[in-house]
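A.B. asks: Take this structure, written in structure tokens, and hold onto it; I'll ask about it next.
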Amino acid sequence: MAHVSDLIASDISAYLKSHEHKSLLRFITCGSVDDGKSTLIGRLLYESKMLFEDQLEALETDSKKMGTQGEQLDFALLVDGLAAEREQGITIDVAYRFFSTDVRKFIVADTPGHEQYTRNMVTGASTADVAILMVDARKGILTQTRRHSYLVSLIGIRNVVVAINKMDLVDYSEKTFRSICDDYAVFAKELGFGNITYIPMSAFKGDNITEPSENTPWYHDTTLMGYLETVQIDEERLQKNPFRLPVQWVNRPNLDFRGFAGTISSGVIKAGDPIRIQPSGRTSTVARIVTADGDLEHAVAGQSVTLTLADEVDISRGDVLSGTDAPPECADQFESTIVWMHDDALLPGRSYLLKIGSRTVNAQITDIKYQVDVNTMKHLAAKQLVLNAIGVCNISIDRQIAFDPYSENRDTGGYILIDRLTNNTVGAGMLHFALRRSQNIHMQHVDVNKAARSSLKQQSACVLWFTGLSGAGKSAIANSVEKRLHAMGRHTYILDGDNVRHGLNKDLGFTDADRVENIRRVGEVCKLMADAGLIVITAFISPFTAERDMARSLLAEGEFIEVHVDTPLEVAEQRDPKGLYKKARRGELKNFTGISSPYEAPENPEIRIDTTRLTIEGATDVVIGMLQQRGFLGSAD
Amino acid sequence: MTSLDSRNLPIAALNDKRREAVRLRLAGTRLTDIAKLTGLSAPTIIAAHKAFLAGGWDSVAVSARGRSPGDGRLLSPKQENALFRCMVEQVPDRIDLPHALWQLGSIQMLIRRQFGIELPDRSISNYLKRWGLSVVKPAARLSAGTEPLKQWHANVYPSIAARAQAERADIYWVDEIPLRNVDGQDIARNSAVRAVTNRGKQLWLAYEGVLRAPILIDFFDRLLNSSGGKAFVILDGMQWGRAAAVSAWLSERRDRLLSFHLPDPNGTADLATGPAPSTINRTPEIPPAPYIYTGSFSDQIKHLIAHSPTERTPYAAKKSGGVKHSMTLTHLQRLEAESIHIMREVVAETENPVMLYSIGKDSAVMLHLAMKAFFPAKPPFPLLHVDTTWKFRAMYEHRDRMARELGMDLLVHVNPEGTAKNINPFTHGSAIHTDIMKTEGLKQALEKYGFDAAFGGARRDEEKSRAKERIFSFRSSAHRWDPKAQRPELWKLYNARKHKGESIRVFPISNWTELDIWQYIHLQNIPIVPLYFAKTRPVVERDGALIMVDDERMPLREGEVPMMRKVRFRTLGCYPLTGAVESDAETLEEVIQEMLLTKTSERQGRVIDHDSAGSMEKKKQEGYF
């Protein structure tokens, strides 16, 4: 691999020495299918002399076989990867390429130019210091240029290169170049980039890539490579920010050593510095910065280290070590931008896992304030976020976490959302600020509590949650159970479709999003009624596991009794007491559970009732027996 | 094609299928059709057919797989017995071991002293398990226990734990366990009283006959000594309360030693059964659990390695790269930090990780990074070498030396099916050899030990299709890689959640290039296999490549005479598949120089890559790295 340097042949030691001090820059290239993105990356690899002869030979053969540039080398072929893409002639994922010069090593995130674009570009950009926006000189600023620019600003990249490509096809016209620059400057004003650099180039011919081009005598500014070799790396900026280290792992090889391992996400730390542990708020002092190469005097953003402290403080994975002067805020409700990355839409009210730094917590999107149209940046109303949608949302999590606004620190302000059932990464988010709401509403302390209210009724509060297909017999059994309990002198209340859908939830329909909200509200009402000491009975289809689990999580351990009224679809359809199945089969009812909308049967319900083998009376016996056994009905009978 | 996993079949059923496959083959049926009819994979069918051609019907059947019991133990039965007797009859401090109570470390020291054998923690815990000293972490045991135990764990234990933390006391779970017969002698009356920490470390005192108060008092006294500070003991079993002498002794030491009792696992009303059990679908009750060991033993290894009481072998790079405090991190410092971050995430978020060790230069760098990531602890995972048995001898020597010097546990797995069939690159060709010995062998090993995450040394710059491989690469329970089902990786956030049976391949050096690897080896002075350096070696020229004659197993073709040439290897694999290059580069700097001036890429020497462009893609989908 011929890095053309005489030093290699003459003095390899000196060469290696000089290359030990190279820095590392990560960047992303953005552009659509025909903007010449792959050609540019191929060109950079070629110009940095990172290609072996066998690779060049393969390139020549491939160029002849499937190239789009006639007899000339088609650099795009160097960077195409998966076999399927090759056949389609397009890239479909994020790929990482590497090249280096004498002063820097570069990692390029290469993202595709069509469907899935938002998801892949956000992924590739999340680690980039610089973005190169490709513009076809013949076409000027297009909708996709705006879209890419918006995404780049969203992900917090400050340094942008507008690469005005294919100058050879507009006769290297300065006028064309200037007018594109002016257009872009107007549009980019609101995006808040720190620094925009415009370069006229031809990736195909090699103009202004590494050498100033003779074809553009009117351009005196930097070449692309010159820019990439000198632009500031983000980590250097981060070293000036306050100290942050999310604890990844507690290192305890023996009783005498307790170290906190993690990667410094911003700032500088020295032995002897005072630190604060968030969210606990405890403080201590750094005793040592331990590495396998010996203790360090100080460490900076980007390094993975292990700290020991002067005091024995309780610290675990997920805590954030910070300087005492500017510790991160702690909160459990935020405003945040969310980029949705999965085919199943984001539904407000559904519970997701949120991973930020090394902490994973439960999260709910409480409200979608608006969705952003990536092409026009206009705000749209939205009830859900579908794949590749971007929205500004309020989000609530189940405990306090330490955070910084994303604009200040990507590592302590960026998070991913994980689906609880499939474990897929379904979204990415950027925290804006904490919502003060949570801190202003304090729980009113009351002397009469749930236990007091329940004992007056000689029972323990609980929720009998009946779930099953339409026509399974939920309401019939629930009614019979309530009658029996009433006869026993117990205080009960039934929530079902009739008394909830006509009042509290009359604004909701039957889409997935509305079903989730319906059950969330029912869950909250159950919680209040259980707090009142009642035995609450619900009879809803409640088709999704996630929502039933959410309802369960609102109640105390053991209070939620899931009753699966298990009736096979054929049987329920045969019974069809309300004639709904027939309607659904005729296509008159949309989103009907079991027919056109899924039912997720509970895996481990507290009680399962097989209605093909049990009468209503028998089922009632089972439920009442369970309540007695678990002591919900007290002693008096 | 979904081929069935022949390892799950009983031998007889497998052999029936193999014979059926040979019959079909002889009848001229196509390979894919046979695969469909029998469910066997193509390599298995080919292997069965070849076996038939070589040795007739008798050779088609395979024999039982895996090691027979007792194989591979380093101590002789006699030594093991002597060790056991010593453990029962003595206490460690009376025979000059630095512990008040027996523990894994004391057994290790004793073996070293008595027999001069160095055994890793994992082997020792194997012996302990055989003797009856298997251990489950208390929390896991309680949450798998009966309702009363779970209730106690949820309601009572948190207050104990909180108090222990407030008073800086150590928590021990104390129980009494029978020790098992070893080597035929009747030692059924031996037992041990044992303390288990929350993290699963066990401390014990063995005794003969029945448990008497003086033994218990001695045990608690020694426990207090080893703990140093305050201790909370949670007693398991009802007999503890009966010994008045013990209660009195304990109450005198209430300031330093507090005792609590676990509830009777079968006690109190059983809430589980409903009035009509036939209609109530409940999960079956898990029987009351004594300290039975349930998972694969590697579960506890992860922990034992991380908290090994023995001194770790001092490990430090001979030439320190981290002394300079420049504010701008170099590219190698940043790559190093990223790899360390990834390794720590995996250890924090997975149950049972392992590092795949292939002995090459990439593995050397990965291992070096692991030593750094967990310093001063040892990396809390073992190394796994999936051995094709055709590596260069120098590679085996290097492998064993590194594991020994760094004090790492090394697991070696050879596909027993491959060995039984004598799969080799000469007669079977590189494709079948790689498939059976490497791809299949790797899957077997991961399943055998229950590893849920495996570090691999692949780099994105190696091959075009790898440029898009994620750092965390998810595999289905059948080890398939689905390019469409990979998760986006943003910032430094890796989502390591997975379902039971699924696993992750993790590539911590994804973003390193070949030049980075060499520079880092140079800067950090990392030991690598000497085959990377030029030396005069015996080679034959075959199909345009120089193949080294590494041992007598390599059949020479007609007319081939080994000749001495000064050669080195740019990449290391199985010696019959790895071509050497003629070179004068005897030092690391010369190797790097040669690499920088050379004109062909690294993998060119590998025979397996000389396929179509999509070949690596296909291999990856089948589970090859």
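Chain labels run A, B, ... following the order of the structure tokens; each chain numbers its residues from 1, and ligands are numbered from 1 in the order shown.
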Write out as a ChimeraX atom specification the residues lying within 10 Å of Glu397 (chain B), counting only C-alpha atoms and excluding same-chain residues fewer than 5 positions away.

C.D. replies: /B:359,392,402,529

A.B. asks: Apply DSSP to the backbone of this structure and, from region 554-619 of chain A, keep only the residues in strand (DSSP E or B); write these as a ChimeraX atom specification.

C.D. replies: /A:560-566,593,597,607-610

A.B. asks: For the structure I just gave you, how does DSSP split region 235-420 of chain A - specifically, which residues are alpha helix (DSSP H)? Reply as a PyMOL selection string.

C.D. replies: chain A and resi 235-238+410-413

A.B. asks: With distances taken over only C-alpha atoms, which of A:Pro274, A:Gly259, A:Gly468, A:Gly357 is nearest to Ile401 (chain A)?

C.D. replies: A:Gly357

A.B. asks: Could you pull the residues within 12 Å of Gly228 (chain B), counting only C-alpha atoms, minus those fewer than 4 positions along the same chain, as a VMD selection string?

C.D. replies: (chain A and resid 255) or (chain B and resid 100 168 to 170 221 to 224 256 to 257)

A.B. asks: Atoms to include: N, CA and C atoms. Write the selected residues as a compact mmCIF listing (two decimals), in the first residue's frame.

C.D. replies:
# COMPACT_ATOMS: atom_id res chain seq x y z
N LEU A 255 -10.99 -6.80 47.65
CA LEU A 255 -11.68 -5.92 48.59
C LEU A 255 -10.99 -4.56 48.72
N ALA B 100 -8.47 -18.18 56.43
CA ALA B 100 -9.05 -18.75 57.64
C ALA B 100 -10.05 -19.84 57.27
N ARG B 168 -21.91 -0.97 56.87
CA ARG B 168 -20.73 -1.50 56.16
C ARG B 168 -20.44 -2.95 56.53
N ALA B 169 -21.49 -3.74 56.59
CA ALA B 169 -21.31 -5.15 56.94
C ALA B 169 -21.34 -5.99 55.67
N ASP B 170 -20.61 -7.11 55.68
CA ASP B 170 -20.66 -8.05 54.57
C ASP B 170 -21.79 -9.04 54.83
N ASP B 221 -16.32 -18.01 63.87
CA ASP B 221 -15.14 -17.27 64.33
C ASP B 221 -14.22 -16.99 63.14
N ARG B 222 -14.00 -18.01 62.35
CA ARG B 222 -13.13 -17.87 61.18
C ARG B 222 -13.75 -16.95 60.14
N LEU B 223 -15.07 -17.02 60.02
CA LEU B 223 -15.76 -16.16 59.07
C LEU B 223 -15.56 -14.69 59.45
N LEU B 224 -15.69 -14.43 60.77
CA LEU B 224 -15.47 -13.07 61.24
C LEU B 224 -14.05 -12.62 60.94
N ARG B 256 -20.77 -7.46 66.17
CA ARG B 256 -20.00 -7.71 64.95
C ARG B 256 -20.66 -8.72 64.02
N LEU B 257 -21.52 -9.57 64.59
CA LEU B 257 -22.08 -10.66 63.80
C LEU B 257 -23.57 -10.75 64.06

A.B. asks: What lies within 9 Å of region 60-64 of chain B using only C-alpha atoms, ignoring chain neighbours under 3 positions off, as a list in words?

C.D. replies: Ile11, Ala12, Leu14, Asn15, Asp16, Arg18, Arg19, Val22, Ala47, Ala48, His49, Lys50, Ala51, Phe52, Gly55, Gly56, Trp57, Arg67, Glu417, Ala420 and Lys421 of chain B

A.B. asks: I'd like to know which of B:Leu26, B:Leu211, B:Ile160, B:Ile504 is closest to Arg480 (chain B), using only C-alpha atoms.

C.D. replies: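 Nearest to Arg480 (chain B): B:Ile504.
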
A.B. asks: Considering only C-alpha atoms, return as a PDB file with N, CA and C atoms, in the first residue's frame whatever protein or nucleic-acid residues lie within 12 Å of Ser143 (chain B), sequence-local ones (same chain, fewer than 4 positions apart) excluded.

C.D. replies:
ATOM      1  N   VAL B 136     -24.891 -21.330  43.496  1.00  0.00           N
ATOM      2  CA  VAL B 136     -25.726 -20.425  42.708  1.00  0.00           C
ATOM      3  C   VAL B 136     -25.753 -19.129  43.492  1.00  0.00           C
ATOM      4  N   LYS B 137     -25.714 -17.998  42.803  1.00  0.00           N
ATOM      5  CA  LYS B 137     -25.793 -16.742  43.533  1.00  0.00           C
ATOM      6  C   LYS B 137     -27.095 -16.703  44.326  1.00  0.00           C
ATOM      7  N   PRO B 138     -27.037 -16.245  45.559  1.00  0.00           N
ATOM      8  CA  PRO B 138     -28.216 -16.291  46.420  1.00  0.00           C
ATOM      9  C   PRO B 138     -29.440 -15.639  45.797  1.00  0.00           C
ATOM     10  N   ALA B 139     -29.241 -14.496  45.157  1.00  0.00           N
ATOM     11  CA  ALA B 139     -30.400 -13.789  44.609  1.00  0.00           C
ATOM     12  C   ALA B 139     -31.098 -14.646  43.555  1.00  0.00           C
ATOM     13  N   GLU B 147     -42.670 -19.698  46.789  1.00  0.00           N
ATOM     14  CA  GLU B 147     -43.325 -18.435  47.111  1.00  0.00           C
ATOM     15  C   GLU B 147     -42.795 -17.832  48.425  1.00  0.00           C
ATOM     16  N   PRO B 148     -42.718 -18.616  49.511  1.00  0.00           N
ATOM     17  CA  PRO B 148     -42.233 -18.005  50.763  1.00  0.00           C
ATOM     18  C   PRO B 148     -40.840 -17.398  50.605  1.00  0.00           C
ATOM     19  N   LEU B 149     -39.972 -18.098  49.841  1.00  0.00           N
ATOM     20  CA  LEU B 149     -38.613 -17.581  49.642  1.00  0.00           C
ATOM     21  C   LEU B 149     -38.655 -16.288  48.854  1.00  0.00           C
ATOM     22  N   LYS B 150     -39.492 -16.270  47.800  1.00  0.00           N
ATOM     23  CA  LYS B 150     -39.594 -15.068  46.979  1.00  0.00           C
ATOM     24  C   LYS B 150     -40.124 -13.905  47.804  1.00  0.00           C
ATOM     25  N   GLN B 151     -41.158 -14.213  48.599  1.00  0.00           N
ATOM     26  CA  GLN B 151     -41.755 -13.180  49.448  1.00  0.00           C
ATOM     27  C   GLN B 151     -40.709 -12.604  50.386  1.00  0.00           C
ATOM     28  N   TRP B 152     -39.955 -13.512  50.978  1.00  0.00           N
ATOM     29  CA  TRP B 152     -38.935 -13.088  51.929  1.00  0.00           C
ATOM     30  C   TRP B 152     -37.904 -12.219  51.227  1.00  0.00           C
ATOM     31  N   HIS B 153     -37.554 -12.668  50.018  1.00  0.00           N
ATOM     32  CA  HIS B 153     -36.539 -11.931  49.266  1.00  0.00           C
ATOM     33  C   HIS B 153     -37.038 -10.527  48.918  1.00  0.00           C
ATOM     34  N   ALA B 154     -38.339 -10.448  48.603  1.00  0.00           N
ATOM     35  CA  ALA B 154     -38.887  -9.154  48.194  1.00  0.00           C
ATOM     36  C   ALA B 154     -39.157  -8.254  49.400  1.00  0.00           C
ATOM     37  N   TYR B 157     -35.596  -9.175  52.822  1.00  0.00           N
ATOM     38  CA  TYR B 157     -34.187  -9.033  52.507  1.00  0.00           C
ATOM     39  C   TYR B 157     -33.736  -7.587  52.232  1.00  0.00           C
ATOM     40  N   PRO B 265     -38.764 -23.137  53.009  1.00  0.00           N
ATOM     41  CA  PRO B 265     -39.256 -23.017  51.625  1.00  0.00           C
ATOM     42  C   PRO B 265     -40.641 -23.615  51.435  1.00  0.00           C
ATOM     43  N   ILE B 286     -41.695 -24.488  40.949  1.00  0.00           N
ATOM     44  CA  ILE B 286     -40.300 -24.924  40.954  1.00  0.00           C
ATOM     45  C   ILE B 286     -40.040 -25.552  42.310  1.00  0.00           C
ATOM     46  N   PRO B 288     -38.530 -26.726  45.836  1.00  0.00           N
ATOM     47  CA  PRO B 288     -37.644 -25.993  46.739  1.00  0.00           C
ATOM     48  C   PRO B 288     -36.200 -26.270  46.377  1.00  0.00           C
ATOM     49  N   ALA B 289     -35.421 -25.240  46.274  1.00  0.00           N
ATOM     50  CA  ALA B 289     -34.082 -25.411  45.744  1.00  0.00           C
ATOM     51  C   ALA B 289     -33.042 -25.395  46.847  1.00  0.00           C
TER      52      ALA B 289
END

A.B. asks: Could you tell me which of A:Asp183, A:Glu297, A:Thr412, A:Glu482 comes closest to Thr263 (chain A) if we count only C-alpha atoms?

C.D. replies: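 Between A:Asp183, A:Glu297, A:Thr412, A:Glu482, the residue approaching Thr263 (chain A) most closely is A:Thr412.
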
A.B. asks: List every residue of region 91-149 of chain A that has an atom at most 10 Å from any atom of region 165-175 of chain A, and for each one report the closest atom pair and its distance in Å to one decimal, counting only C-alpha atoms, with rows sorted by chain and then by increasing residue number, as a Markdown table.

C.D. replies:
| residue | atom | partner | partner_atom | distance |
| --- | --- | --- | --- | --- |
| A:Leu133 | CA | A:Asn165 | CA | 9.8 |
| A:Met134 | CA | A:Asn165 | CA | 6.6 |
| A:Val135 | CA | A:Asn165 | CA | 5.8 |
| A:Asp136 | CA | A:Asn165 | CA | 5.2 |
| A:Ala137 | CA | A:Asn165 | CA | 5.7 |
| A:Arg138 | CA | A:Val170 | CA | 6.5 |
| A:Lys139 | CA | A:Lys166 | CA | 10.0 |
| A:Gly140 | CA | A:Asn165 | CA | 9.8 |

A.B. asks: Restricting it to N, CA and C atoms, dump the selection as an mmCIF file, in the first residue's frame.

C.D. replies:
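File selection.cif, as written:
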data_model
loop_
_atom_site.group_PDB
_atom_site.id
_atom_site.type_symbol
_atom_site.label_atom_id
_atom_site.label_comp_id
_atom_site.auth_asym_id
_atom_site.auth_seq_id
_atom_site.Cartn_x
_atom_site.Cartn_y
_atom_site.Cartn_z
ATOM 1 N N LEU A 133 -21.990 17.820 2.362
ATOM 2 C CA LEU A 133 -23.269 17.784 1.647
ATOM 3 C C LEU A 133 -22.977 17.860 0.159
ATOM 4 N N MET A 134 -23.394 16.850 -0.594
ATOM 5 C CA MET A 134 -23.121 16.819 -2.020
ATOM 6 C C MET A 134 -24.228 17.571 -2.759
ATOM 7 N N VAL A 135 -23.826 18.471 -3.631
ATOM 8 C CA VAL A 135 -24.803 19.192 -4.452
ATOM 9 C C VAL A 135 -24.375 19.035 -5.916
ATOM 10 N N ASP A 136 -25.311 18.653 -6.752
ATOM 11 C CA ASP A 136 -25.022 18.538 -8.176
ATOM 12 C C ASP A 136 -25.063 19.946 -8.783
ATOM 13 N N ALA A 137 -23.932 20.395 -9.354
ATOM 14 C CA ALA A 137 -23.847 21.775 -9.857
ATOM 15 C C ALA A 137 -24.902 22.058 -10.919
ATOM 16 N N ARG A 138 -25.340 21.013 -11.612
ATOM 17 C CA ARG A 138 -26.339 21.227 -12.665
ATOM 18 C C ARG A 138 -27.716 21.482 -12.066
ATOM 19 N N LYS A 139 -27.936 20.948 -10.859
ATOM 20 C CA LYS A 139 -29.293 20.983 -10.294
ATOM 21 C C LYS A 139 -29.443 22.019 -9.188
ATOM 22 N N GLY A 140 -28.347 22.382 -8.531
ATOM 23 C CA GLY A 140 -28.438 23.367 -7.454
ATOM 24 C C GLY A 140 -29.054 22.783 -6.190
#

A.B. asks: What's around region 108-119 of chain B at 12 Å? Count only C-alpha atoms, leave out sequence neighbours fewer than 2 positions away in its own chain, and write the answer as a ChimeraX atom specification.

C.D. replies: /B:73-76,78-84,86-87,90-93,95-99,102-106,121-128,308-311,403-405,407-410

A.B. asks: If you keep N, CA and C atoms, can you produce a file of those selected residues as a CSV table (one decimal), in the first residue's frame?

C.D. replies:
chain,number,residue,atom,x,y,z
B,73,ARG,N,-9.1,-34.3,32.7
B,73,ARG,CA,-8.8,-33.7,34.0
B,73,ARG,C,-7.3,-33.8,34.2
B,74,LEU,N,-6.8,-32.8,34.8
B,74,LEU,CA,-5.3,-32.7,35.0
B,74,LEU,C,-4.8,-33.5,36.2
B,75,LEU,N,-5.7,-33.6,37.2
B,75,LEU,CA,-5.2,-34.3,38.4
B,75,LEU,C,-5.6,-35.8,38.2
B,76,SER,N,-4.7,-36.6,38.7
B,76,SER,CA,-5.0,-38.0,38.6
B,76,SER,C,-6.1,-38.3,39.7
B,78,LYS,N,-6.0,-40.2,42.1
B,78,LYS,CA,-5.3,-40.4,43.4
B,78,LYS,C,-5.0,-39.0,43.9
B,79,GLN,N,-4.5,-38.1,43.1
B,79,GLN,CA,-4.2,-36.8,43.5
B,79,GLN,C,-5.4,-36.1,44.0
B,80,GLU,N,-6.5,-36.3,43.2
B,80,GLU,CA,-7.7,-35.6,43.6
B,80,GLU,C,-8.2,-36.0,45.0
B,81,ASN,N,-8.1,-37.3,45.2
B,81,ASN,CA,-8.5,-37.9,46.4
B,81,ASN,C,-7.7,-37.3,47.6
B,82,ALA,N,-6.4,-37.3,47.4
B,82,ALA,CA,-5.5,-36.7,48.4
B,82,ALA,C,-5.9,-35.3,48.8
B,83,LEU,N,-6.2,-34.6,47.7
B,83,LEU,CA,-6.5,-33.1,47.9
B,83,LEU,C,-7.8,-33.0,48.7
B,84,PHE,N,-8.8,-33.9,48.4
B,84,PHE,CA,-10.0,-33.9,49.1
B,84,PHE,C,-9.9,-34.2,50.5
B,86,CYS,N,-7.3,-33.9,52.4
B,86,CYS,CA,-6.6,-32.7,53.0
B,86,CYS,C,-7.6,-31.6,53.4
B,87,MET,N,-8.5,-31.4,52.4
B,87,MET,CA,-9.5,-30.3,52.6
B,87,MET,C,-10.4,-30.7,53.7
B,90,GLN,N,-8.2,-30.8,57.3
B,90,GLN,CA,-7.4,-29.6,57.7
B,90,GLN,C,-8.2,-28.3,57.6
B,91,VAL,N,-7.7,-27.3,58.2
B,91,VAL,CA,-8.2,-26.0,57.9
B,91,VAL,C,-7.0,-25.2,57.3
B,92,PRO,N,-7.2,-24.3,56.4
B,92,PRO,CA,-6.1,-23.8,55.5
B,92,PRO,C,-5.0,-23.2,56.4
B,93,ASP,N,-5.3,-22.4,57.4
B,93,ASP,CA,-4.2,-21.7,58.1
B,93,ASP,C,-3.3,-22.7,58.9
B,95,ILE,N,-2.2,-25.4,57.6
B,95,ILE,CA,-1.2,-25.9,56.7
B,95,ILE,C,-0.6,-24.7,55.9
B,96,ASP,N,-0.5,-23.6,56.6
B,96,ASP,CA,0.3,-22.5,56.0
B,96,ASP,C,-0.4,-21.9,54.7
B,97,LEU,N,-1.6,-21.9,54.7
B,97,LEU,CA,-2.3,-21.2,53.6
B,97,LEU,C,-2.9,-19.9,54.2
B,98,PRO,N,-2.9,-18.8,53.4
B,98,PRO,CA,-3.2,-17.5,54.0
B,98,PRO,C,-4.7,-17.3,54.2
B,99,HIS,N,-5.5,-18.3,54.4
B,99,HIS,CA,-7.0,-18.1,54.6
B,99,HIS,C,-7.4,-18.8,55.8
B,102,TRP,N,-11.7,-22.4,54.0
B,102,TRP,CA,-11.3,-22.9,52.6
B,102,TRP,C,-12.0,-22.0,51.6
B,103,GLN,N,-11.4,-21.8,50.5
B,103,GLN,CA,-12.0,-21.1,49.3
B,103,GLN,C,-11.3,-21.5,48.1
B,104,LEU,N,-11.8,-21.1,47.0
B,104,LEU,CA,-11.2,-21.5,45.7
B,104,LEU,C,-9.7,-21.3,45.6
B,105,GLY,N,-9.3,-20.1,46.1
B,105,GLY,CA,-7.9,-19.7,46.0
B,105,GLY,C,-7.0,-20.7,46.9
B,106,SER,N,-7.6,-21.1,48.0
B,106,SER,CA,-6.7,-22.0,48.8
B,106,SER,C,-6.5,-23.3,48.2
B,121,ASP,N,-9.0,-21.0,37.6
B,121,ASP,CA,-10.2,-21.0,38.5
B,121,ASP,C,-11.3,-21.9,38.0
B,122,ARG,N,-11.5,-21.9,36.7
B,122,ARG,CA,-12.6,-22.6,36.2
B,122,ARG,C,-12.4,-24.1,36.5
B,123,SER,N,-11.2,-24.6,36.3
B,123,SER,CA,-11.0,-26.0,36.5
B,123,SER,C,-11.2,-26.3,38.0
B,124,ILE,N,-10.7,-25.4,38.9
B,124,ILE,CA,-10.9,-25.7,40.3
B,124,ILE,C,-12.4,-25.7,40.6
B,125,SER,N,-13.1,-24.8,40.1
B,125,SER,CA,-14.6,-24.8,40.4
B,125,SER,C,-15.2,-26.0,39.9
B,126,ASN,N,-14.7,-26.6,38.8
B,126,ASN,CA,-15.1,-27.9,38.3
B,126,ASN,C,-14.9,-29.0,39.4
B,127,TYR,N,-13.7,-29.0,39.9
B,127,TYR,CA,-13.5,-30.0,41.0
B,127,TYR,C,-14.4,-29.8,42.1
B,128,LEU,N,-14.6,-28.5,42.5
B,128,LEU,CA,-15.4,-28.2,43.7
B,128,LEU,C,-16.8,-28.7,43.4
B,308,SER,N,-11.3,-13.2,41.4
B,308,SER,CA,-10.3,-14.2,41.8
B,308,SER,C,-9.5,-13.7,43.0
B,309,PRO,N,-9.4,-14.5,44.0
B,309,PRO,CA,-8.6,-14.0,45.2
B,309,PRO,C,-7.1,-14.1,44.9
B,310,THR,N,-6.7,-14.8,43.9
B,310,THR,CA,-5.2,-14.9,43.7
B,310,THR,C,-4.7,-13.6,43.0
B,311,GLU,N,-3.4,-13.4,43.2
B,311,GLU,CA,-2.8,-12.2,42.6
B,311,GLU,C,-2.8,-12.5,41.1
B,403,ALA,N,-1.8,-17.4,27.1
B,403,ALA,CA,-2.9,-17.7,28.1
B,403,ALA,C,-2.2,-17.9,29.4
B,404,ARG,N,-1.0,-18.6,29.4
B,404,ARG,CA,-0.3,-18.8,30.7
B,404,ARG,C,0.2,-17.5,31.3
B,405,GLU,N,0.9,-16.8,30.4
B,405,GLU,CA,1.5,-15.6,31.0
B,405,GLU,C,0.5,-14.5,31.4
B,407,GLY,N,-2.5,-15.3,32.5
B,407,GLY,CA,-3.4,-15.9,33.5
B,407,GLY,C,-4.8,-15.9,33.0
B,408,MET,N,-5.0,-16.0,31.7
B,408,MET,CA,-6.4,-16.1,31.1
B,408,MET,C,-6.8,-17.5,31.0
B,409,ASP,N,-8.1,-17.8,31.2
B,409,ASP,CA,-8.6,-19.1,30.9
B,409,ASP,C,-8.7,-19.3,29.5
B,410,LEU,N,-8.3,-20.4,29.0
B,410,LEU,CA,-8.3,-20.7,27.6
B,410,LEU,C,-9.1,-22.0,27.3

A.B. asks: Which of these, A:Thr118, A:Thr101, A:Ser455, A:Asn423, has the shortest distance to chain B once you count only C-alpha atoms?

C.D. replies: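 Closest residue, counting only C-alpha atoms: A:Asn423.
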
A.B. asks: Would you please work out which residue, of A:Arg252, A:Arg43, A:Lys590, A:Lys240, is nearest to chain B when using only C-alpha atoms?

C.D. replies: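 Closest to chain B, using only C-alpha atoms: A:Arg252.
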
A.B. asks: Quick one: residues within 9 Å of Cys30 (chain A), only C-alpha atoms counted, chain neighbours fewer than 5 positions away excluded, as a PyMOL selection string?

C.D. replies: chain A and resi 37+110-113+121+131-134+145+148-149+152

A.B. asks: Take the residues from that selection and put them in a file with C-alpha atoms, as a PDB file, in the first residue's frame.

C.D. replies:
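Dumped everything to again.pdb:
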ATOM      1  CA  LYS A  37     -21.171  10.376  -3.229  1.00  0.00           C
ATOM      2  CA  ASP A 110     -21.377   6.375   3.921  1.00  0.00           C
ATOM      3  CA  THR A 111     -25.173   6.389   3.893  1.00  0.00           C
ATOM      4  CA  PRO A 112     -27.533   5.499   1.088  1.00  0.00           C
ATOM      5  CA  GLY A 113     -29.420   8.016  -0.940  1.00  0.00           C
ATOM      6  CA  MET A 121     -28.234   9.238   7.964  1.00  0.00           C
ATOM      7  CA  ALA A 131     -20.722  16.584   7.216  1.00  0.00           C
ATOM      8  CA  ILE A 132     -20.066  16.833   3.480  1.00  0.00           C
ATOM      9  CA  LEU A 133     -23.269  17.784   1.647  1.00  0.00           C
ATOM     10  CA  MET A 134     -23.121  16.819  -2.020  1.00  0.00           C
ATOM     11  CA  THR A 145     -30.290  19.103   0.077  1.00  0.00           C
ATOM     12  CA  HIS A 148     -29.973  16.490   4.545  1.00  0.00           C
ATOM     13  CA  SER A 149     -29.032  19.873   5.949  1.00  0.00           C
ATOM     14  CA  VAL A 152     -27.213  17.318   9.915  1.00  0.00           C
TER      15      VAL A 152
END
